[in-house]
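Next up, coords_20.cif (mmCIF, N, CA and C atoms):
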```cif
data_protein
#
loop_
_atom_site.label_atom_id
_atom_site.label_comp_id
_atom_site.auth_asym_id
_atom_site.auth_seq_id
_atom_site.Cartn_x
_atom_site.Cartn_y
_atom_site.Cartn_z
N MET A 1 0.84 -1.19 0.00
CA MET A 1 0.00 0.00 0.00
C MET A 1 0.87 1.24 0.00
N PRO A 2 0.46 2.29 -0.75
CA PRO A 2 1.21 3.53 -0.72
C PRO A 2 1.12 4.19 0.64
N SER A 3 2.15 4.91 1.00
CA SER A 3 2.15 5.64 2.25
C SER A 3 2.72 7.03 2.01
N VAL A 4 2.03 8.04 2.49
CA VAL A 4 2.49 9.42 2.37
C VAL A 4 2.62 9.98 3.76
N THR A 5 3.78 10.50 4.08
CA THR A 5 3.99 11.06 5.40
C THR A 5 4.07 12.57 5.29
N GLY A 6 3.32 13.25 6.10
CA GLY A 6 3.33 14.71 6.11
C GLY A 6 3.53 15.22 7.51
N THR A 7 3.54 16.52 7.66
CA THR A 7 3.76 17.10 8.98
C THR A 7 2.55 16.90 9.88
N ALA A 8 1.35 16.87 9.31
CA ALA A 8 0.15 16.78 10.13
C ALA A 8 -0.24 15.34 10.46
N ARG A 9 -0.18 14.46 9.45
CA ARG A 9 -0.58 13.07 9.69
C ARG A 9 -0.05 12.18 8.57
N THR A 10 -0.20 10.89 8.76
CA THR A 10 0.25 9.92 7.78
C THR A 10 -0.96 9.25 7.16
N VAL A 11 -0.93 9.06 5.85
CA VAL A 11 -2.00 8.39 5.13
C VAL A 11 -1.49 7.07 4.60
N THR A 12 -2.22 6.02 4.84
CA THR A 12 -1.89 4.72 4.29
C THR A 12 -3.03 4.31 3.39
N GLY A 13 -2.73 3.81 2.20
CA GLY A 13 -3.76 3.48 1.25
C GLY A 13 -3.96 4.63 0.29
N THR A 14 -4.99 4.54 -0.51
CA THR A 14 -5.25 5.54 -1.53
C THR A 14 -6.27 6.56 -1.04
N ARG A 15 -5.94 7.81 -1.21
CA ARG A 15 -6.87 8.90 -0.89
C ARG A 15 -6.70 9.95 -1.98
N VAL A 16 -7.80 10.33 -2.60
CA VAL A 16 -7.80 11.22 -3.77
C VAL A 16 -8.30 12.60 -3.38
N LEU A 17 -7.61 13.62 -3.90
CA LEU A 17 -8.14 14.98 -3.86
C LEU A 17 -8.64 15.28 -5.26
N LEU A 18 -9.93 15.51 -5.37
CA LEU A 18 -10.57 15.77 -6.66
C LEU A 18 -10.73 17.27 -6.85
N THR A 19 -10.20 17.76 -7.96
CA THR A 19 -10.27 19.18 -8.29
C THR A 19 -10.83 19.35 -9.70
N GLY A 20 -11.06 20.59 -10.06
CA GLY A 20 -11.52 20.93 -11.39
C GLY A 20 -11.69 22.44 -11.44
N TRP A 21 -12.24 22.95 -12.51
CA TRP A 21 -12.44 24.39 -12.60
C TRP A 21 -13.28 24.91 -11.44
N PRO A 22 -14.23 24.14 -10.87
CA PRO A 22 -14.98 24.64 -9.72
C PRO A 22 -14.12 24.80 -8.45
N SER A 23 -12.87 24.36 -8.49
CA SER A 23 -11.98 24.49 -7.34
C SER A 23 -11.31 25.85 -7.27
N PHE A 24 -11.32 26.58 -8.38
CA PHE A 24 -10.63 27.87 -8.45
C PHE A 24 -11.62 29.02 -8.32
N VAL A 25 -11.23 30.05 -7.59
CA VAL A 25 -12.10 31.21 -7.41
C VAL A 25 -12.43 31.83 -8.76
N HIS A 26 -11.45 31.90 -9.65
CA HIS A 26 -11.67 32.48 -10.97
C HIS A 26 -11.58 31.41 -12.06
N GLY A 27 -12.12 30.23 -11.78
CA GLY A 27 -12.01 29.11 -12.69
C GLY A 27 -13.02 29.11 -13.82
N GLU A 28 -13.97 30.01 -13.78
CA GLU A 28 -14.99 30.08 -14.82
C GLU A 28 -15.67 28.73 -15.02
N ALA A 29 -16.05 28.12 -13.92
CA ALA A 29 -16.68 26.81 -13.96
C ALA A 29 -18.09 26.89 -14.54
N THR A 30 -18.43 25.87 -15.32
CA THR A 30 -19.77 25.75 -15.87
C THR A 30 -20.54 24.72 -15.06
N ALA A 31 -21.83 24.63 -15.31
CA ALA A 31 -22.64 23.59 -14.66
C ALA A 31 -22.10 22.22 -15.03
N GLY A 32 -21.63 22.06 -16.27
CA GLY A 32 -21.06 20.79 -16.70
C GLY A 32 -19.80 20.43 -15.93
N ASP A 33 -18.98 21.43 -15.59
CA ASP A 33 -17.79 21.18 -14.78
C ASP A 33 -18.17 20.66 -13.40
N VAL A 34 -19.18 21.27 -12.80
CA VAL A 34 -19.65 20.85 -11.48
C VAL A 34 -20.20 19.43 -11.55
N LEU A 35 -21.03 19.16 -12.55
CA LEU A 35 -21.60 17.81 -12.70
C LEU A 35 -20.52 16.77 -12.98
N ALA A 36 -19.49 17.14 -13.73
CA ALA A 36 -18.39 16.21 -14.00
C ALA A 36 -17.65 15.87 -12.71
N MET A 37 -17.39 16.88 -11.88
CA MET A 37 -16.73 16.60 -10.60
C MET A 37 -17.58 15.67 -9.75
N GLU A 38 -18.87 15.92 -9.70
CA GLU A 38 -19.78 15.06 -8.92
C GLU A 38 -19.77 13.63 -9.46
N ALA A 39 -19.79 13.47 -10.78
CA ALA A 39 -19.80 12.13 -11.39
C ALA A 39 -18.49 11.39 -11.11
N VAL A 40 -17.37 12.08 -11.22
CA VAL A 40 -16.08 11.46 -10.94
C VAL A 40 -16.00 11.09 -9.46
N HIS A 41 -16.49 11.96 -8.59
CA HIS A 41 -16.50 11.66 -7.15
C HIS A 41 -17.29 10.39 -6.87
N GLN A 42 -18.46 10.28 -7.48
CA GLN A 42 -19.28 9.07 -7.29
C GLN A 42 -18.55 7.82 -7.76
N ALA A 43 -17.88 7.90 -8.90
CA ALA A 43 -17.16 6.74 -9.44
C ALA A 43 -16.00 6.35 -8.53
N ILE A 44 -15.27 7.33 -8.04
CA ILE A 44 -14.13 7.03 -7.18
C ILE A 44 -14.59 6.42 -5.86
N THR A 45 -15.60 7.02 -5.23
CA THR A 45 -16.06 6.49 -3.96
C THR A 45 -16.76 5.14 -4.12
N ALA A 46 -17.41 4.92 -5.25
CA ALA A 46 -18.04 3.61 -5.51
C ALA A 46 -17.00 2.50 -5.59
N SER A 47 -15.78 2.86 -5.95
CA SER A 47 -14.70 1.85 -6.01
C SER A 47 -14.13 1.55 -4.63
N GLY A 48 -14.61 2.27 -3.61
CA GLY A 48 -14.12 2.05 -2.26
C GLY A 48 -12.93 2.93 -1.90
N THR A 49 -12.61 3.87 -2.76
CA THR A 49 -11.48 4.77 -2.54
C THR A 49 -11.96 6.04 -1.85
N GLU A 50 -11.20 6.50 -0.86
CA GLU A 50 -11.54 7.75 -0.20
C GLU A 50 -11.26 8.91 -1.14
N CYS A 51 -12.18 9.88 -1.16
CA CYS A 51 -12.06 10.99 -2.10
C CYS A 51 -12.69 12.24 -1.51
N ASP A 52 -11.92 13.32 -1.51
CA ASP A 52 -12.42 14.62 -1.09
C ASP A 52 -12.45 15.53 -2.31
N MET A 53 -13.43 16.42 -2.35
CA MET A 53 -13.53 17.39 -3.44
C MET A 53 -13.13 18.78 -2.93
N ALA A 54 -12.30 19.46 -3.69
CA ALA A 54 -11.92 20.83 -3.36
C ALA A 54 -12.79 21.79 -4.17
N TRP A 55 -13.39 22.74 -3.47
CA TRP A 55 -14.31 23.68 -4.10
C TRP A 55 -13.85 25.11 -3.88
N SER A 56 -14.19 25.96 -4.80
CA SER A 56 -13.98 27.39 -4.62
C SER A 56 -14.83 27.83 -3.44
N PRO A 57 -14.30 28.70 -2.58
CA PRO A 57 -15.12 29.20 -1.48
C PRO A 57 -16.31 30.02 -1.97
N VAL A 58 -16.30 30.41 -3.24
CA VAL A 58 -17.44 31.12 -3.82
C VAL A 58 -18.57 30.13 -4.10
N LEU A 59 -18.23 28.93 -4.59
CA LEU A 59 -19.25 27.93 -4.92
C LEU A 59 -19.76 27.19 -3.69
N ARG A 60 -18.85 26.85 -2.78
CA ARG A 60 -19.24 26.09 -1.59
C ARG A 60 -18.57 26.70 -0.36
N PRO A 61 -19.11 27.80 0.14
CA PRO A 61 -18.53 28.41 1.34
C PRO A 61 -18.50 27.40 2.49
N GLY A 62 -17.38 27.33 3.17
CA GLY A 62 -17.24 26.40 4.29
C GLY A 62 -16.79 25.02 3.88
N GLY A 63 -16.74 24.73 2.57
CA GLY A 63 -16.28 23.44 2.10
C GLY A 63 -14.76 23.39 2.03
N LEU A 64 -14.23 22.25 1.68
CA LEU A 64 -12.80 22.09 1.52
C LEU A 64 -12.35 22.89 0.30
N SER A 65 -11.33 23.72 0.47
CA SER A 65 -10.77 24.48 -0.65
C SER A 65 -9.39 23.94 -0.98
N LEU A 66 -8.87 24.31 -2.13
CA LEU A 66 -7.51 23.91 -2.48
C LEU A 66 -6.52 24.41 -1.45
N GLU A 67 -6.71 25.64 -1.01
CA GLU A 67 -5.80 26.22 -0.02
C GLU A 67 -5.87 25.50 1.32
N GLY A 68 -7.02 24.94 1.64
CA GLY A 68 -7.21 24.26 2.91
C GLY A 68 -6.86 22.78 2.88
N ALA A 69 -6.58 22.23 1.71
CA ALA A 69 -6.27 20.80 1.59
C ALA A 69 -4.79 20.57 1.87
N ASP A 70 -4.50 19.69 2.80
CA ASP A 70 -3.12 19.35 3.15
C ASP A 70 -2.61 18.31 2.15
N PRO A 71 -1.60 18.65 1.34
CA PRO A 71 -1.09 17.70 0.34
C PRO A 71 -0.62 16.38 0.94
N ALA A 72 -0.17 16.39 2.17
CA ALA A 72 0.30 15.16 2.81
C ALA A 72 -0.83 14.17 3.08
N THR A 73 -2.06 14.63 2.96
CA THR A 73 -3.22 13.78 3.23
C THR A 73 -3.58 12.90 2.03
N TYR A 74 -3.07 13.24 0.85
CA TYR A 74 -3.52 12.59 -0.39
C TYR A 74 -2.40 11.86 -1.10
N THR A 75 -2.78 10.74 -1.72
CA THR A 75 -1.85 9.97 -2.54
C THR A 75 -2.01 10.31 -4.02
N HIS A 76 -3.19 10.84 -4.40
CA HIS A 76 -3.48 11.14 -5.80
C HIS A 76 -4.23 12.47 -5.92
N LEU A 77 -3.99 13.14 -7.05
CA LEU A 77 -4.73 14.35 -7.40
C LEU A 77 -5.40 14.10 -8.73
N VAL A 78 -6.71 14.35 -8.80
CA VAL A 78 -7.47 14.17 -10.04
C VAL A 78 -8.08 15.51 -10.41
N PHE A 79 -7.87 15.91 -11.67
CA PHE A 79 -8.50 17.12 -12.20
C PHE A 79 -9.60 16.66 -13.15
N ALA A 80 -10.85 16.89 -12.76
CA ALA A 80 -11.99 16.46 -13.58
C ALA A 80 -12.43 17.60 -14.47
N CYS A 81 -12.63 17.32 -15.73
CA CYS A 81 -13.08 18.27 -16.72
C CYS A 81 -11.87 18.97 -17.32
N GLY A 82 -12.11 19.73 -18.28
CA GLY A 82 -10.99 20.38 -18.95
C GLY A 82 -11.52 21.43 -19.89
N PRO A 83 -10.72 21.95 -20.71
CA PRO A 83 -9.33 21.58 -20.93
C PRO A 83 -8.44 22.08 -19.79
N LEU A 84 -7.33 21.38 -19.58
CA LEU A 84 -6.42 21.67 -18.50
C LEU A 84 -5.30 22.57 -19.04
N HIS A 85 -5.45 23.87 -18.83
CA HIS A 85 -4.44 24.82 -19.26
C HIS A 85 -4.68 26.13 -18.51
N GLY A 86 -3.76 27.03 -18.64
CA GLY A 86 -3.95 28.35 -18.06
C GLY A 86 -3.04 28.63 -16.88
N GLU A 87 -3.04 29.85 -16.49
CA GLU A 87 -2.16 30.36 -15.46
C GLU A 87 -2.37 29.68 -14.10
N GLN A 88 -3.62 29.34 -13.74
CA GLN A 88 -3.90 28.78 -12.43
C GLN A 88 -3.34 27.39 -12.25
N VAL A 89 -3.21 26.65 -13.32
CA VAL A 89 -2.69 25.29 -13.24
C VAL A 89 -1.19 25.36 -13.05
#
```

Give the structure from this file in structure tokens form.
Amino acid sequence: MPSVTGTARTVTGTRVLLTGWPSFVHGEATAGDVLAMEAVHQAITASGTECDMAWSPVLRPGGLSLEGADPATYTHLVFACGPLHGEQV
């Protein structure tokens, strides 16, 4: 099993941080981008893999944001939707 050690805690096994244009404050996310993130989240969790979604604080105030996500907590990063380009990436 993969293991990631960070300053806050250690993760054993697979844990995914799911991002997309809805994760950025100025990501210009569409409804399709939001639905794509939700669909990918469902597929990942249905496989038994732990998965958190990062949201723009504009779209989901109080939710997990990219800035609030501890990289040491995750073994994988998934960007749902695209195209994947631009200054923010």

| query | What does the PyMOL selection byres (((chain A and resi 65-67 and name CA) around 7) and name CA) select in this file, as a list of chain:residue names? | reply | A:Ser23, A:Ala54, A:Trp55, A:Ser56, A:Pro57, A:Gly63, A:Leu64, A:Gly68, A:Ala69

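Closest approach to Thr19 in chain A among A:Thr75, A:Ala31, A:Val58, A:Cys81 is made by A:Cys81 (distances from only C-alpha atoms).
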
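Going from atom C of Thr49 in chain A over to CA of His26 in chain A, you cover 28.0 Å.
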
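Between atom N of Glu87 in chain A and atom N of Leu17 in chain A there is a distance of 21.0 Å.
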
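The shell of residues at most 6.5 Å from Glu50 in chain A, with only N, CA and C atoms counted and near chain neighbours (fewer than 6 positions) removed, consists of Thr14, Arg15, Val16 and Ile44 of chain A.
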
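CA of Gly62 in chain A lies 21.0 Å from CA of Ala36 in chain A.
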
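Using only N, CA and C atoms, the smallest distance between any of A:Arg60, A:Tyr74, A:Gly13, A:Met53 and Met37 in chain A comes from A:Met53.
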
| field | range 23-58 of chain A: residues DSSP assigns to helix (DSSP H, G or I), reported as a ChimeraX atom specification | value | /A:23,31-46
